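Pasted below: data-v1.txt, compact mmCIF, C-alpha atoms.
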# COMPACT_ATOMS: atom_id res chain seq x y z
CA MET A 1 67.22 91.11 174.21
CA HIS A 2 69.59 93.35 176.09
CA GLN A 3 70.14 96.93 175.10
CA GLU A 4 73.85 96.21 174.45
CA ASP A 5 72.93 93.48 171.94
CA MET A 6 70.47 95.81 170.24
CA ALA A 7 73.17 98.46 169.98
CA SER A 8 75.65 95.95 168.47
CA ILE A 9 73.11 94.84 165.86
CA SER A 10 72.43 98.45 165.00
CA ILE A 11 76.14 99.20 164.57
CA VAL A 12 76.60 96.15 162.33
CA GLY A 13 73.63 97.17 160.22
CA ASP A 14 74.96 100.70 159.85
CA THR A 15 78.37 99.32 158.86
CA LYS A 16 76.86 97.07 156.17
CA SER A 17 74.80 99.96 154.84
CA SER A 18 77.88 102.15 154.76
CA CYS A 19 79.88 99.49 152.89
CA ARG A 20 77.10 99.01 150.36
CA GLY A 21 76.97 102.74 149.83
CA SER A 22 80.75 102.97 149.29
CA ILE A 23 80.71 100.06 146.85
CA ASN A 24 77.85 101.60 144.90
CA LYS A 25 79.65 104.94 144.75
CA ALA A 26 82.88 103.29 143.63
CA THR A 27 81.01 101.35 140.95
CA THR A 28 79.34 104.52 139.74
CA VAL A 29 82.68 106.34 139.57
CA CYS A 30 84.27 103.44 137.62
CA ASP A 31 81.35 103.39 135.18
CA GLU A 32 81.61 107.14 134.66
CA HIS A 33 85.38 106.87 134.15
CA ALA A 34 84.92 104.07 131.61
CA LYS A 35 82.34 106.12 129.70
CA LEU A 36 84.62 109.16 129.76
CA THR A 37 87.61 107.11 128.57
CA SER A 38 85.55 105.59 125.77
CA SER A 39 84.34 109.05 124.77
CA VAL A 40 87.88 110.44 124.74
CA GLU A 41 89.09 107.53 122.62
CA ARG A 42 86.27 108.11 120.15
CA ASP A 43 87.13 111.80 120.00
CA ASN A 44 90.79 110.99 119.36
CA ILE A 45 90.01 108.83 116.32
CA ARG A 46 90.60 111.05 113.32
CA PRO A 47 88.76 110.48 110.04
CA ALA A 48 90.37 108.20 107.47
CA ASP A 49 91.40 109.55 104.06
CA SER A 50 91.79 113.08 105.45
CA LEU A 51 94.31 115.56 104.11
CA TYR A 52 96.26 115.33 107.36
CA GLY A 53 97.05 111.69 106.58
CA TRP A 54 99.45 112.80 103.84
CA ILE A 55 101.71 114.46 106.43
CA PRO A 56 102.79 111.23 108.20
CA THR A 57 102.81 109.51 104.80
CA LEU A 58 105.33 111.97 103.37
CA ALA A 59 107.30 111.74 106.60
CA ALA A 60 107.46 107.97 106.10
CA THR A 61 108.67 108.56 102.53
CA VAL A 62 111.60 110.62 103.81
CA ASN A 63 112.43 108.04 106.47
CA TYR A 64 112.38 105.31 103.82
CA MET A 65 115.02 107.30 101.93
CA PHE A 66 117.36 107.12 104.90
CA ILE A 67 116.48 103.55 105.87
CA PHE A 68 117.12 101.97 102.47
CA GLY A 69 119.64 104.59 101.40
CA ALA A 70 121.98 103.22 104.05
CA SER A 71 121.84 99.70 102.61
CA ASN A 72 121.70 100.68 98.93
CA SER A 73 124.71 102.98 99.18
CA TYR A 74 126.93 100.46 100.95
CA GLY A 75 128.39 99.41 97.61
CA VAL A 76 130.22 102.74 97.50
CA PHE A 77 131.75 102.11 100.92
CA SER A 78 132.53 98.52 99.98
CA THR A 79 134.56 99.65 96.97
CA TYR A 80 136.51 102.10 99.13
CA TYR A 81 137.15 99.53 101.85
CA LEU A 82 138.25 96.89 99.35
CA ASN A 83 140.60 99.12 97.34
CA VAL A 84 141.87 101.63 99.89
CA LYS A 85 141.26 100.97 103.57
CA PHE A 86 141.37 97.16 103.72
CA PRO A 87 143.04 96.02 100.47
CA GLY A 88 143.99 92.65 101.91
CA THR A 89 140.46 91.77 102.97
CA SER A 90 138.27 89.60 100.77
CA ALA A 91 135.14 91.01 99.16
CA THR A 92 133.14 88.22 100.80
CA THR A 93 134.11 89.40 104.28
CA LEU A 94 133.28 93.03 103.52
CA SER A 95 129.94 92.04 101.99
CA TRP A 96 128.80 90.90 105.44
CA ILE A 97 128.41 94.55 106.44
CA GLY A 98 125.80 95.37 103.80
CA THR A 99 124.12 91.99 104.20
CA LEU A 100 123.68 92.47 107.95
CA VAL A 101 122.13 95.91 107.51
CA THR A 102 119.32 94.60 105.31
CA SER A 103 118.85 91.30 107.17
CA LEU A 104 118.61 92.88 110.62
CA MET A 105 116.47 95.76 109.41
CA LEU A 106 113.81 93.36 108.10
CA GLY A 107 114.28 90.55 110.63
CA CYS A 108 114.19 92.71 113.76
CA SER A 109 111.00 94.42 112.56
CA ILE A 110 109.13 91.49 114.12
CA LEU A 111 110.11 92.93 117.50
CA THR A 112 110.17 96.63 116.62
CA GLY A 113 106.71 96.36 115.07
CA ALA A 114 105.37 95.05 118.38
CA MET A 115 107.20 97.85 120.17
CA ALA A 116 105.59 100.43 117.88
CA ASP A 117 102.13 99.10 118.81
CA LYS A 118 102.97 99.03 122.52
CA CYS A 119 105.10 102.14 123.03
CA GLY A 120 104.01 104.31 120.13
CA TYR A 121 105.27 105.08 116.64
CA ARG A 122 107.26 108.16 117.58
CA VAL A 123 109.07 106.56 120.52
CA THR A 124 110.06 103.63 118.33
CA ALA A 125 111.18 105.85 115.46
CA TYR A 126 113.22 108.14 117.71
CA THR A 127 114.93 105.08 119.17
CA GLY A 128 115.94 104.13 115.64
CA THR A 129 117.22 107.64 114.96
CA VAL A 130 119.53 107.52 117.97
CA ILE A 131 120.83 104.03 117.18
CA CYS A 132 121.47 104.81 113.50
CA THR A 133 123.28 108.03 114.34
CA LEU A 134 125.41 106.23 116.90
CA ALA A 135 126.20 103.48 114.38
CA TYR A 136 127.44 105.95 111.76
CA ILE A 137 129.58 107.90 114.24
CA LEU A 138 131.15 104.78 115.74
CA ALA A 139 131.80 103.31 112.29
CA SER A 140 133.75 106.43 111.35
CA PHE A 141 136.32 105.58 114.05
CA ALA A 142 136.62 101.88 113.13
CA ASP A 143 140.12 100.64 112.29
CA GLU A 144 139.32 96.94 111.88
CA VAL A 145 136.86 95.08 109.68
CA TRP A 146 135.16 93.45 112.65
CA GLU A 147 134.49 96.89 114.12
CA LEU A 148 132.74 97.91 110.91
CA ILE A 149 130.72 94.70 110.95
CA LEU A 150 129.47 95.50 114.46
CA THR A 151 128.78 99.20 113.83
CA GLN A 152 127.96 99.80 110.16
CA GLY A 153 126.49 96.31 109.90
CA VAL A 154 124.81 95.08 113.10
CA LEU A 155 124.10 98.36 114.92
CA LEU A 156 122.94 100.23 111.83
CA GLY A 157 120.70 97.32 110.82
CA ILE A 158 119.05 97.20 114.24
CA GLY A 159 118.57 100.97 114.27
CA ALA A 160 117.05 100.91 110.80
CA SER A 161 114.50 98.32 111.95
CA PHE A 162 113.20 100.78 114.57
CA LEU A 163 112.55 103.28 111.79
CA TYR A 164 111.27 100.71 109.31
CA ALA A 165 108.42 99.25 111.38
CA PRO A 166 106.43 102.46 112.08
CA SER A 167 107.23 103.85 108.62
CA THR A 168 105.62 100.78 107.05
CA SER A 169 102.54 100.80 109.28
CA ILE A 170 101.53 104.42 109.46
CA PRO A 171 100.34 105.13 105.86
CA ALA A 172 97.86 102.23 105.96
CA GLN A 173 96.40 103.50 109.23
CA TRP A 174 95.46 106.87 107.78
CA PHE A 175 93.87 105.69 104.53
CA VAL A 176 91.16 103.30 103.36
CA LYS A 177 90.27 104.33 99.82
CA ASN A 178 93.77 105.57 98.99
CA ARG A 179 95.67 103.04 101.08
CA GLY A 180 97.49 101.50 98.13
CA LEU A 181 98.53 104.91 96.81
CA ALA A 182 99.72 106.12 100.21
CA THR A 183 101.71 102.96 100.86
CA GLY A 184 103.22 103.13 97.38
CA ILE A 185 104.31 106.74 97.88
CA ALA A 186 105.94 105.88 101.20
CA VAL A 187 107.76 102.84 99.86
CA ALA A 188 108.91 104.81 96.79
CA GLY A 189 111.18 106.68 99.16
CA SER A 190 113.42 103.62 99.29
CA SER A 191 114.27 103.84 95.58
CA VAL A 192 114.63 107.63 95.62
CA GLY A 193 116.89 107.33 98.64
CA GLY A 194 119.01 104.77 96.87
CA LEU A 195 119.60 107.21 94.01
CA TRP A 196 120.64 110.33 95.88
CA PHE A 197 122.16 108.53 98.89
CA THR A 198 124.59 106.65 96.67
CA ALA A 199 125.59 109.73 94.68
CA ALA A 200 125.96 111.86 97.81
CA THR A 201 128.01 109.17 99.56
CA GLN A 202 130.41 108.88 96.61
CA THR A 203 130.83 112.65 96.48
CA MET A 204 131.53 112.88 100.21
CA ILE A 205 134.06 110.03 100.12
CA ASP A 206 135.89 111.70 97.23
CA SER A 207 135.98 115.13 98.89
CA LEU A 208 135.97 114.41 102.62
CA GLY A 209 137.06 110.79 102.99
CA ALA A 210 135.07 107.78 104.19
CA GLU A 211 135.36 108.68 107.87
CA TRP A 212 133.81 112.11 107.48
CA ALA A 213 131.29 110.77 105.00
CA LEU A 214 130.01 108.45 107.74
CA ARG A 215 129.88 111.31 110.24
CA VAL A 216 127.97 113.55 107.86
CA LEU A 217 125.47 110.74 107.15
CA GLY A 218 125.02 110.29 110.88
CA ILE A 219 124.37 114.00 111.41
CA LEU A 220 121.96 114.13 108.45
CA THR A 221 120.09 111.07 109.69
CA PHE A 222 119.69 112.58 113.14
CA ALA A 223 118.64 116.04 111.90
CA VAL A 224 116.15 114.93 109.25
CA THR A 225 114.50 111.92 110.91
CA SER A 226 114.16 113.81 114.19
CA VAL A 227 111.78 116.14 112.35
CA THR A 228 109.91 113.49 110.36
CA ASN A 229 109.45 111.26 113.42
CA SER A 230 107.52 114.05 115.15
CA MET A 231 104.82 113.68 112.46
CA TYR A 232 104.14 110.02 113.26
CA TYR A 233 100.73 110.46 114.89
CA ARG A 234 98.43 107.49 115.14
CA ARG A 235 94.96 107.89 113.66
CA VAL A 236 93.50 105.32 116.06
CA PRO A 237 94.73 105.32 119.69
CA ALA A 238 96.64 102.19 120.71
CA LYS A 239 94.77 99.71 122.88
CA PRO A 240 96.26 99.34 126.39
How does the structure come out when it is put into structure tokens?
Amino acid sequence: MHQEDMASISIVGDTKSSCRGSINKATTVCDEHAKLTSSVERDNIRPADSLYGWIPTLAATVNYMFIFGASNSYGVFSTYYLNVKFPGTSATTLSWIGTLVTSLMLGCSILTGAMADKCGYRVTAYTGTVICTLAYILASFADEVWELILTQGVLLGIGASFLYAPSTSIPAQWFVKNRGLATGIAVAGSSVGGLWFTAATQTMIDSLGAEWALRVLGILTFAVTSVTNSMYYRRVPAKP
């Protein structure tokens, strides 16, 4: 065999050995990265039934006040619209606004719940805060019934669904033994919100007018839920 052939065989052998070495190193690095990732995920899992779990639970309670307060207090706006702003409009037409809020809030949670799992609870909740605030502000400038249907009905209902999905899920994630209690406390915010939201809305309409009442509700929703949303930490990291 010629010396040139021997040299070629040697080069090929060295190349194969080099490739095997690179592959083995890459495999080792991947294995180490997987172990590190698994370790980090384990470290990020906080214990269930801890005292910290009550923080996101109470935050969900407050968010429930604003979510269901919007739909429960619509009767006050409906009376004003029917008797003052749109006296020639039928009650059936105006009832579509309140109906759409509740229907879209619950119906769209099929999608917003998936978004909460994929993008995170806080991102989803903050999206709802922005949409709800925008809905209130735009509704305050509405001059036609159809404009109210689109803003105070459709847009507010969609925004509320972004707040509803993570608010419903997060108490159960933090508790095992006290899961029923935590969920009950969070959901109780809906009834409490209905009480004070309705009274506050009536007072604001009487003193400020419906337009400014909507603007104040929008500002309150933005200010309060922006704080409570920041407490929506997951106990278990989301799977990629």
Could you list, as a ChimeraX atom specification, every residue within 9 Å of Ile97 of chain A, counting only C-alpha atoms and ignoring same-chain residues fewer than 2 positions away? /A:74,78,93-95,99-101,148-154
If you take all atoms listed in the file and a cut-off of 9 Å, which residues of segment 178-238 of chain A touch segment 121-129 of chain A, and what are their nearest atom pairs and distances in Å to one decimal, in chain and number order, as a tab-separated table?
residue	atom	partner	partner_atom	distance
A:Thr221	CA	A:Thr129	CA	6.9
A:Phe222	CA	A:Thr129	CA	5.8
A:Thr225	CA	A:Thr129	CA	6.5
A:Ser226	CA	A:Tyr126	CA	6.7
A:Asn229	CA	A:Arg122	CA	5.6
A:Ser230	CA	A:Arg122	CA	6.4
A:Met231	CA	A:Arg122	CA	7.9
A:Tyr232	CA	A:Arg122	CA	5.6
A:Tyr233	CA	A:Tyr121	CA	7.3
A:Arg234	CA	A:Tyr121	CA	7.4
Check the smallest atom-to-atom distance from each of A:Leu220, A:Ile158, A:Leu58, A:Ala70 to Leu111 of chain A using all atoms listed in the file, then report the winner.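 Closest candidate: A:Ile158.
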Could you give me, as a ChimeraX atom specification, the residues within 6 Å of Met65 of chain A, counting only C-alpha atoms and dropping anything in the same chain fewer than 5 positions from it? /A:189-190,193
Would you save the residues from that selection as a PDB file, in the frame of the given file, using C-alpha atoms?
ATOM      1  CA  GLY A 189     111.180 106.680  99.160  1.00  0.00           C
ATOM      2  CA  SER A 190     113.420 103.620  99.290  1.00  0.00           C
ATOM      3  CA  GLY A 193     116.890 107.330  98.640  1.00  0.00           C
TER       4      GLY A 193
END
Can segment 210-221 of chain A be brought up to all heavy atoms and written out as a compact mmCIF listing (two decimals), in the frame of the given file?
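Output contents, as saved in result_6.txt:
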# COMPACT_ATOMS: atom_id res chain seq x y z
N ALA A 210 136.13 108.67 103.71
CA ALA A 210 135.07 107.78 104.19
C ALA A 210 134.67 108.07 105.63
O ALA A 210 133.49 107.97 105.99
CB ALA A 210 135.51 106.32 104.06
N GLU A 211 135.65 108.44 106.46
CA GLU A 211 135.36 108.68 107.87
C GLU A 211 134.40 109.85 108.04
O GLU A 211 133.39 109.74 108.75
CB GLU A 211 136.66 108.94 108.65
CG GLU A 211 137.56 107.73 108.81
CD GLU A 211 138.32 107.40 107.54
OE1 GLU A 211 138.35 108.26 106.63
OE2 GLU A 211 138.87 106.28 107.44
N TRP A 212 134.70 110.96 107.37
CA TRP A 212 133.81 112.11 107.48
C TRP A 212 132.51 111.91 106.72
O TRP A 212 131.48 112.49 107.06
CB TRP A 212 134.52 113.38 107.02
CG TRP A 212 135.25 114.03 108.14
CD1 TRP A 212 136.59 114.02 108.39
CD2 TRP A 212 134.64 114.77 109.22
NE1 TRP A 212 136.87 114.70 109.55
CE2 TRP A 212 135.69 115.17 110.08
CE3 TRP A 212 133.34 115.11 109.55
CZ2 TRP A 212 135.48 115.91 111.22
CZ3 TRP A 212 133.11 115.85 110.70
CH2 TRP A 212 134.16 116.24 111.53
N ALA A 213 132.54 111.09 105.71
CA ALA A 213 131.29 110.77 105.00
C ALA A 213 130.32 110.07 105.95
O ALA A 213 129.12 110.37 105.97
CB ALA A 213 131.59 109.88 103.79
N LEU A 214 130.84 109.14 106.75
CA LEU A 214 130.01 108.45 107.74
C LEU A 214 129.48 109.42 108.79
O LEU A 214 128.31 109.34 109.20
CB LEU A 214 130.82 107.33 108.42
CG LEU A 214 131.09 106.09 107.56
CD1 LEU A 214 132.16 105.22 108.21
CD2 LEU A 214 129.82 105.29 107.36
N ARG A 215 130.32 110.34 109.23
CA ARG A 215 129.88 111.31 110.24
C ARG A 215 128.81 112.24 109.70
O ARG A 215 127.82 112.54 110.40
CB ARG A 215 131.09 112.11 110.74
CG ARG A 215 132.07 111.29 111.55
CD ARG A 215 133.40 111.97 111.71
NE ARG A 215 134.41 111.01 112.17
CZ ARG A 215 135.72 111.18 112.05
NH1 ARG A 215 136.19 112.28 111.47
NH2 ARG A 215 136.56 110.26 112.49
N VAL A 216 128.98 112.68 108.46
CA VAL A 216 127.97 113.55 107.86
C VAL A 216 126.65 112.81 107.69
O VAL A 216 125.56 113.36 107.95
CB VAL A 216 128.46 114.08 106.49
CG1 VAL A 216 127.34 114.81 105.76
CG2 VAL A 216 129.65 115.01 106.70
N LEU A 217 126.70 111.54 107.27
CA LEU A 217 125.47 110.74 107.15
C LEU A 217 124.79 110.57 108.50
O LEU A 217 123.56 110.60 108.60
CB LEU A 217 125.80 109.37 106.55
CG LEU A 217 126.17 109.36 105.07
CD1 LEU A 217 126.56 107.95 104.63
CD2 LEU A 217 125.03 109.88 104.21
N GLY A 218 125.59 110.40 109.54
CA GLY A 218 125.02 110.29 110.88
C GLY A 218 124.33 111.57 111.31
O GLY A 218 123.22 111.55 111.86
N ILE A 219 124.96 112.71 111.04
CA ILE A 219 124.37 114.00 111.41
C ILE A 219 123.10 114.25 110.60
O ILE A 219 122.08 114.72 111.14
CB ILE A 219 125.40 115.13 111.17
CG1 ILE A 219 126.57 114.98 112.15
CG2 ILE A 219 124.74 116.50 111.35
CD1 ILE A 219 127.74 115.89 111.85
N LEU A 220 123.14 113.95 109.29
CA LEU A 220 121.96 114.13 108.45
C LEU A 220 120.81 113.24 108.91
O LEU A 220 119.65 113.68 108.97
CB LEU A 220 122.30 113.81 106.99
CG LEU A 220 123.02 114.89 106.18
CD1 LEU A 220 123.38 114.36 104.81
CD2 LEU A 220 122.14 116.14 106.06
N THR A 221 121.12 111.99 109.22
CA THR A 221 120.09 111.07 109.69
C THR A 221 119.44 111.59 110.97
O THR A 221 118.20 111.57 111.10
CB THR A 221 120.70 109.67 109.96
OG1 THR A 221 121.24 109.16 108.73
CG2 THR A 221 119.65 108.71 110.49
